[in-house]
Amino acid sequence: MRYGLCLLLLLGGAVAQADDWPQWRGPRRDGLCQETGLLGQWPEGGPKLLWELSGLGTGYSTVSILEGKLYSTGDREVDGQKAQFVYAFDLGTRMKVWATKIGPAHSDGPRSTPTLEGGFVYVIGTGGNVVCARADDGQVVWTKNLLTDLGGASNPRWKFSESPLIDGDRLLCTPGGHEAVMAVLNKKTGETIWQSSMPDIGPNGKDEAGYSSIMISRGAGVKQYVQLTNEGIIGVAADDGKFLWGYNRVANRVANISTPVIEGDYVFTSTAYGTGSALLKLVPAGGGVKAEEVYWLDAETFQNHHGGFVKVGDCIYGGHNHNKGEPTCLDMRTGEIKWHADQLGRGSGCVLYADGHLYFLYEDGTAVLIEANPETYNLKGSFKLPDRPGAEGKAWSHPVISDGRLFLRYANVLFCYDVKAP
């Protein structure tokens, strides 16, 4: 490995190198890339475009990368069949290796990013199919449906969007609803290990899954799975699925989307639609865990729509405002806004961190590089993705960096840029 930290990350029993990107938001699902030696300033017009690849189909899934192959999902026509597919491409040749149907096509495509582990690909289709396929040839090993097999209440308005979590021998997913808000499956067979029921935690939101993805916490000394549902953010005991705590205030009545930040006993969460953000502290309570509100930030202060946010040092960096992505830095422990700036692109901005910088991709295809500096906003470059057939609609896929290459998906087209420093 020429670039990146000499660091091995143990992920569900498999070893991933620092320049691999095996799942949603990277090896730790936190949007933090460990690579170094990257450009600290973009030239006029942006970094060098190495290549581009068409054929990803309609959708907002980002890419996963492992051992020289790239995986994603999309609604596309394969052998005359219009449907939703998970697929693999060879990174060296950019040729399709395989494509496997995971369900019916959706109006604007899938959202789930494949999880790669142990020679298998795990993904969730918008129709609720949880699919395990072999990474070498795409052959389906097992499939379960969040609604018909796992007790989900209903498919959300914009359909199931979760990227599955692999934790040891388990696959975590979110059927949603009070009867089975979360489920744990045997990753090899798809058999149910447990399902977690959920009490009423407040008046906000709907009885269904949200659009976020599960994170692992060991807050208050208890291993637990933390998820943002459409009724708020919750914690479920990892060993037996016991419901531990719920926080309803952050839920809005439309869409709860962004993956939370987990650090020690703390959980930072945010939603848009005029809602806001909160820092929670998990503390022991009566043999279980409770979530105490450390602070609340109203919608005028910080609300994140669906571009996400990252924690770097003591600060949270992300896009602020509903259907926007105004670059913002806030102190995680206090909620103090350190700086806030106007955005260069249109709409929501998806964020990634690498080597001292923030990479924003806006829905109109504008890419922006910003120094991750807690003291001041420092713009380090911007450019617009090229106009291409199929690169249209909304660029809502999150940026990925692997081996010094920046991958930006805009619907049917994937652009690969060289962001290594000379």
# chains A, B, ... in the order shown; residues from 1 in each chain; ligands from 1

$ residues_around --residues "stretch 156-166 of chain A" --least-positions-apart "2" --cutoff "6 Å" --atoms "only C-alpha atoms" --output "list of chain:residue names"
A:Arg111, A:Ser112, A:Thr113, A:Thr126, A:Gly128, A:Arg170, A:Leu171, A:Leu172, A:Cys173, A:Tyr211, A:Ser212, A:Ser213

$ residues_around --residues "A:Gly190" --least-positions-apart "2" --cutoff "12 Å" --atoms "only C-alpha atoms" --output "list in words"
Tyr122, Asn129, Val130, Val131, Cys132, Ala133, Val140, Val141, Trp142, Thr143, Lys144, Asn145, Leu146, Asp149, Leu150, Asp169, Arg170, Leu171, Leu172, Cys173, Ala183, Val184, Leu185, Asn186, Lys187, Lys188, Thr192, Ile193 and Trp194 of chain A

$ closest_atom_pairs --of "stretch 14-55 of chain A" --to "stretch 256-277 of chain A" --cutoff "12 Å" --atoms "only C-alpha atoms" --output "tab-separated table"
residue	atom	partner	partner_atom	distance
A:Trp24	CA	A:Thr259	CA	10.0
A:Arg25	CA	A:Thr259	CA	9.4
A:Arg28	CA	A:Ile262	CA	10.6
A:Arg29	CA	A:Thr259	CA	8.8
A:Asp30	CA	A:Val261	CA	7.0
A:Gly31	CA	A:Val261	CA	9.7
A:Leu32	CA	A:Val261	CA	11.3

$ write_last_selection --atoms "C-alpha atoms" --output "CSV table (one decimal), in the first residue's frame"
chain,number,residue,atom,x,y,z
A,24,TRP,CA,-21.2,2.9,3.9
A,25,ARG,CA,-19.0,5.8,5.0
A,28,ARG,CA,-15.8,2.5,10.7
A,29,ARG,CA,-18.9,3.9,9.1
A,30,ASP,CA,-17.9,7.4,10.3
A,31,GLY,CA,-17.0,9.2,7.0
A,32,LEU,CA,-13.3,9.5,8.0

$ select_by_dssp --residues "stretch 125-270 of chain A" --states "strand (DSSP E)" --output "VMD selection string"
chain A and resid 129 to 134 140 to 145 165 to 167 170 to 173 182 to 186 192 to 196 215 to 217 224 to 229 232 to 237 243 to 247 261 to 263 266 to 270

$ closest_atom_pairs --of "stretch 34-150 of chain A" --to "stretch 395-400 of chain A" --cutoff "9 Å" --atoms "only C-alpha atoms" --output "Markdown table"
| residue | atom | partner | partner_atom | distance |
| --- | --- | --- | --- | --- |
| A:Gly59 | CA | A:Ser397 | CA | 8.3 |
| A:Tyr60 | CA | A:Ser397 | CA | 4.9 |
| A:Ser61 | CA | A:Ser397 | CA | 5.7 |
| A:Thr62 | CA | A:Ser397 | CA | 4.9 |
| A:Val63 | CA | A:Val400 | CA | 7.2 |
| A:Ser64 | CA | A:Val400 | CA | 8.3 |
| A:Arg111 | CA | A:Ser397 | CA | 8.3 |

$ write_last_selection --atoms "N, CA and C atoms" --output "PDB file, in the first residue's frame"
ATOM      1  N   GLY A  59     -29.876   5.963  -9.174  1.00  0.00           N
ATOM      2  CA  GLY A  59     -29.758   5.669  -7.750  1.00  0.00           C
ATOM      3  C   GLY A  59     -28.810   6.600  -7.031  1.00  0.00           C
ATOM      4  N   TYR A  60     -28.826   6.493  -5.705  1.00  0.00           N
ATOM      5  CA  TYR A  60     -28.000   7.350  -4.848  1.00  0.00           C
ATOM      6  C   TYR A  60     -27.004   6.552  -4.033  1.00  0.00           C
ATOM      7  N   SER A  61     -26.936   5.248  -4.252  1.00  0.00           N
ATOM      8  CA  SER A  61     -25.939   4.435  -3.570  1.00  0.00           C
ATOM      9  C   SER A  61     -24.554   4.972  -3.879  1.00  0.00           C
ATOM     10  N   THR A  62     -23.686   4.951  -2.875  1.00  0.00           N
ATOM     11  CA  THR A  62     -22.295   5.266  -3.155  1.00  0.00           C
ATOM     12  C   THR A  62     -21.568   3.969  -3.475  1.00  0.00           C
ATOM     13  N   VAL A  63     -20.245   3.994  -3.560  1.00  0.00           N
ATOM     14  CA  VAL A  63     -19.490   2.815  -3.960  1.00  0.00           C
ATOM     15  C   VAL A  63     -18.754   2.220  -2.768  1.00  0.00           C
ATOM     16  N   SER A  64     -18.572   0.903  -2.822  1.00  0.00           N
ATOM     17  CA  SER A  64     -17.711   0.187  -1.886  1.00  0.00           C
ATOM     18  C   SER A  64     -16.568  -0.414  -2.685  1.00  0.00           C
ATOM     19  N   ARG A 111     -30.780   3.277  -2.629  1.00  0.00           N
ATOM     20  CA  ARG A 111     -29.940   4.136  -1.783  1.00  0.00           C
ATOM     21  C   ARG A 111     -28.863   3.350  -1.044  1.00  0.00           C
TER      22      ARG A 111
END

$ residues_around --residues "A:Lys223" --least-positions-apart "4" --cutoff "8 Å" --atoms "only C-alpha atoms" --output "list in words"
Ile216, Ser217, Arg218, Gly219, Ala237, Ala238 and Asp239 of chain A

$ closest_residue --among "A:Gly37, A:Pro22, A:Gly381, A:Gly404" --to "A:Asp355" --atoms "only C-alpha atoms"
A:Gly37

$ residues_around --residues "A:Gly393" --least-positions-apart "4" --cutoff "12 Å" --atoms "only C-alpha atoms" --output "PDB file with N, CA and C atoms, in the first residue's frame"
ATOM      1  N   THR A  58     -29.737   4.347 -12.349  1.00  0.00           N
ATOM      2  CA  THR A  58     -30.348   5.355 -11.489  1.00  0.00           C
ATOM      3  C   THR A  58     -30.151   4.966 -10.031  1.00  0.00           C
ATOM      4  N   GLY A  59     -29.876   5.963  -9.174  1.00  0.00           N
ATOM      5  CA  GLY A  59     -29.758   5.669  -7.750  1.00  0.00           C
ATOM      6  C   GLY A  59     -28.810   6.600  -7.031  1.00  0.00           C
ATOM      7  N   TYR A  60     -28.826   6.493  -5.705  1.00  0.00           N
ATOM      8  CA  TYR A  60     -28.000   7.350  -4.848  1.00  0.00           C
ATOM      9  C   TYR A  60     -27.004   6.552  -4.033  1.00  0.00           C
ATOM     10  N   ASP A 108     -36.594   6.512  -8.459  1.00  0.00           N
ATOM     11  CA  ASP A 108     -35.296   7.176  -8.593  1.00  0.00           C
ATOM     12  C   ASP A 108     -34.161   6.312  -8.059  1.00  0.00           C
ATOM     13  N   GLY A 109     -34.368   5.003  -8.001  1.00  0.00           N
ATOM     14  CA  GLY A 109     -33.276   4.082  -7.743  1.00  0.00           C
ATOM     15  C   GLY A 109     -33.020   3.770  -6.281  1.00  0.00           C
ATOM     16  N   GLY A 347     -28.337  22.782  -3.146  1.00  0.00           N
ATOM     17  CA  GLY A 347     -28.960  21.664  -2.459  1.00  0.00           C
ATOM     18  C   GLY A 347     -28.117  21.084  -1.355  1.00  0.00           C
ATOM     19  N   TYR A 362     -22.211  18.479  -3.770  1.00  0.00           N
ATOM     20  CA  TYR A 362     -23.564  19.025  -3.750  1.00  0.00           C
ATOM     21  C   TYR A 362     -24.425  18.375  -4.825  1.00  0.00           C
ATOM     22  N   GLU A 363     -25.721  18.499  -4.661  1.00  0.00           N
ATOM     23  CA  GLU A 363     -26.649  17.779  -5.531  1.00  0.00           C
ATOM     24  C   GLU A 363     -26.585  18.223  -6.987  1.00  0.00           C
ATOM     25  N   ASP A 364     -26.033  19.393  -7.274  1.00  0.00           N
ATOM     26  CA  ASP A 364     -25.886  19.846  -8.660  1.00  0.00           C
ATOM     27  C   ASP A 364     -24.544  19.439  -9.266  1.00  0.00           C
ATOM     28  N   GLY A 365     -23.784  18.589  -8.553  1.00  0.00           N
ATOM     29  CA  GLY A 365     -22.506  18.117  -9.066  1.00  0.00           C
ATOM     30  C   GLY A 365     -21.327  19.015  -8.760  1.00  0.00           C
ATOM     31  N   ASP A 387     -20.645  17.561 -17.643  1.00  0.00           N
ATOM     32  CA  ASP A 387     -21.956  17.179 -18.168  1.00  0.00           C
ATOM     33  C   ASP A 387     -21.817  15.903 -18.993  1.00  0.00           C
ATOM     34  N   ARG A 388     -22.577  14.900 -18.597  1.00  0.00           N
ATOM     35  CA  ARG A 388     -22.548  13.632 -19.312  1.00  0.00           C
ATOM     36  C   ARG A 388     -23.968  13.068 -19.390  1.00  0.00           C
ATOM     37  N   PRO A 389     -24.301  12.346 -20.458  1.00  0.00           N
ATOM     38  CA  PRO A 389     -25.589  11.643 -20.485  1.00  0.00           C
ATOM     39  C   PRO A 389     -25.672  10.678 -19.306  1.00  0.00           C
ATOM     40  N   SER A 397     -24.991  10.926  -3.898  1.00  0.00           N
ATOM     41  CA  SER A 397     -24.092   9.858  -3.438  1.00  0.00           C
ATOM     42  C   SER A 397     -22.899  10.469  -2.707  1.00  0.00           C
ATOM     43  N   ARG A 409     -19.971   9.852  -7.607  1.00  0.00           N
ATOM     44  CA  ARG A 409     -21.029   9.303  -8.446  1.00  0.00           C
ATOM     45  C   ARG A 409     -22.110  10.350  -8.672  1.00  0.00           C
ATOM     46  N   TYR A 410     -22.522  10.461  -9.926  1.00  0.00           N
ATOM     47  CA  TYR A 410     -23.639  11.315 -10.285  1.00  0.00           C
ATOM     48  C   TYR A 410     -24.599  10.458 -11.093  1.00  0.00           C
ATOM     49  N   ALA A 411     -25.527   9.821 -10.396  1.00  0.00           N
ATOM     50  CA  ALA A 411     -26.524   8.943 -11.014  1.00  0.00           C
ATOM     51  C   ALA A 411     -25.843   7.800 -11.768  1.00  0.00           C
ATOM     52  N   ASN A 412     -25.971   7.763 -13.089  1.00  0.00           N
ATOM     53  CA  ASN A 412     -25.483   6.642 -13.893  1.00  0.00           C
ATOM     54  C   ASN A 412     -23.973   6.662 -14.118  1.00  0.00           C
ATOM     55  N   VAL A 413     -23.304   7.766 -13.763  1.00  0.00           N
ATOM     56  CA  VAL A 413     -21.896   7.956 -14.100  1.00  0.00           C
ATOM     57  C   VAL A 413     -21.049   8.066 -12.843  1.00  0.00           C
TER      58      VAL A 413
END

$ atom_distance --atom1 "atom CA of A:Arg134" --atom2 "atom CA of A:Gly103"
16.9 Å

$ atom_distance --atom1 "atom CA of A:Lys101" --atom2 "atom CA of A:Gly68"
22.1 Å

$ closest_residue --among "A:Leu228, A:Ala135, A:Leu358, A:Val289" --to "A:Val181" --atoms "only C-alpha atoms"
A:Leu228

$ atom_distance --atom1 "atom CA of A:Phe89" --atom2 "atom CA of A:Leu66"
10.8 Å

$ closest_atom_pairs --of "stretch 326-360 of chain A" --to "stretch 280-285 of chain A" --cutoff "12 Å" --atoms "only C-alpha atoms" --output "tab-separated table"
residue	atom	partner	partner_atom	distance
A:Met332	CA	A:Leu280	CA	10.5
A:Arg333	CA	A:Leu280	CA	9.8
A:Thr334	CA	A:Leu280	CA	11.4
A:Gly335	CA	A:Leu280	CA	11.5
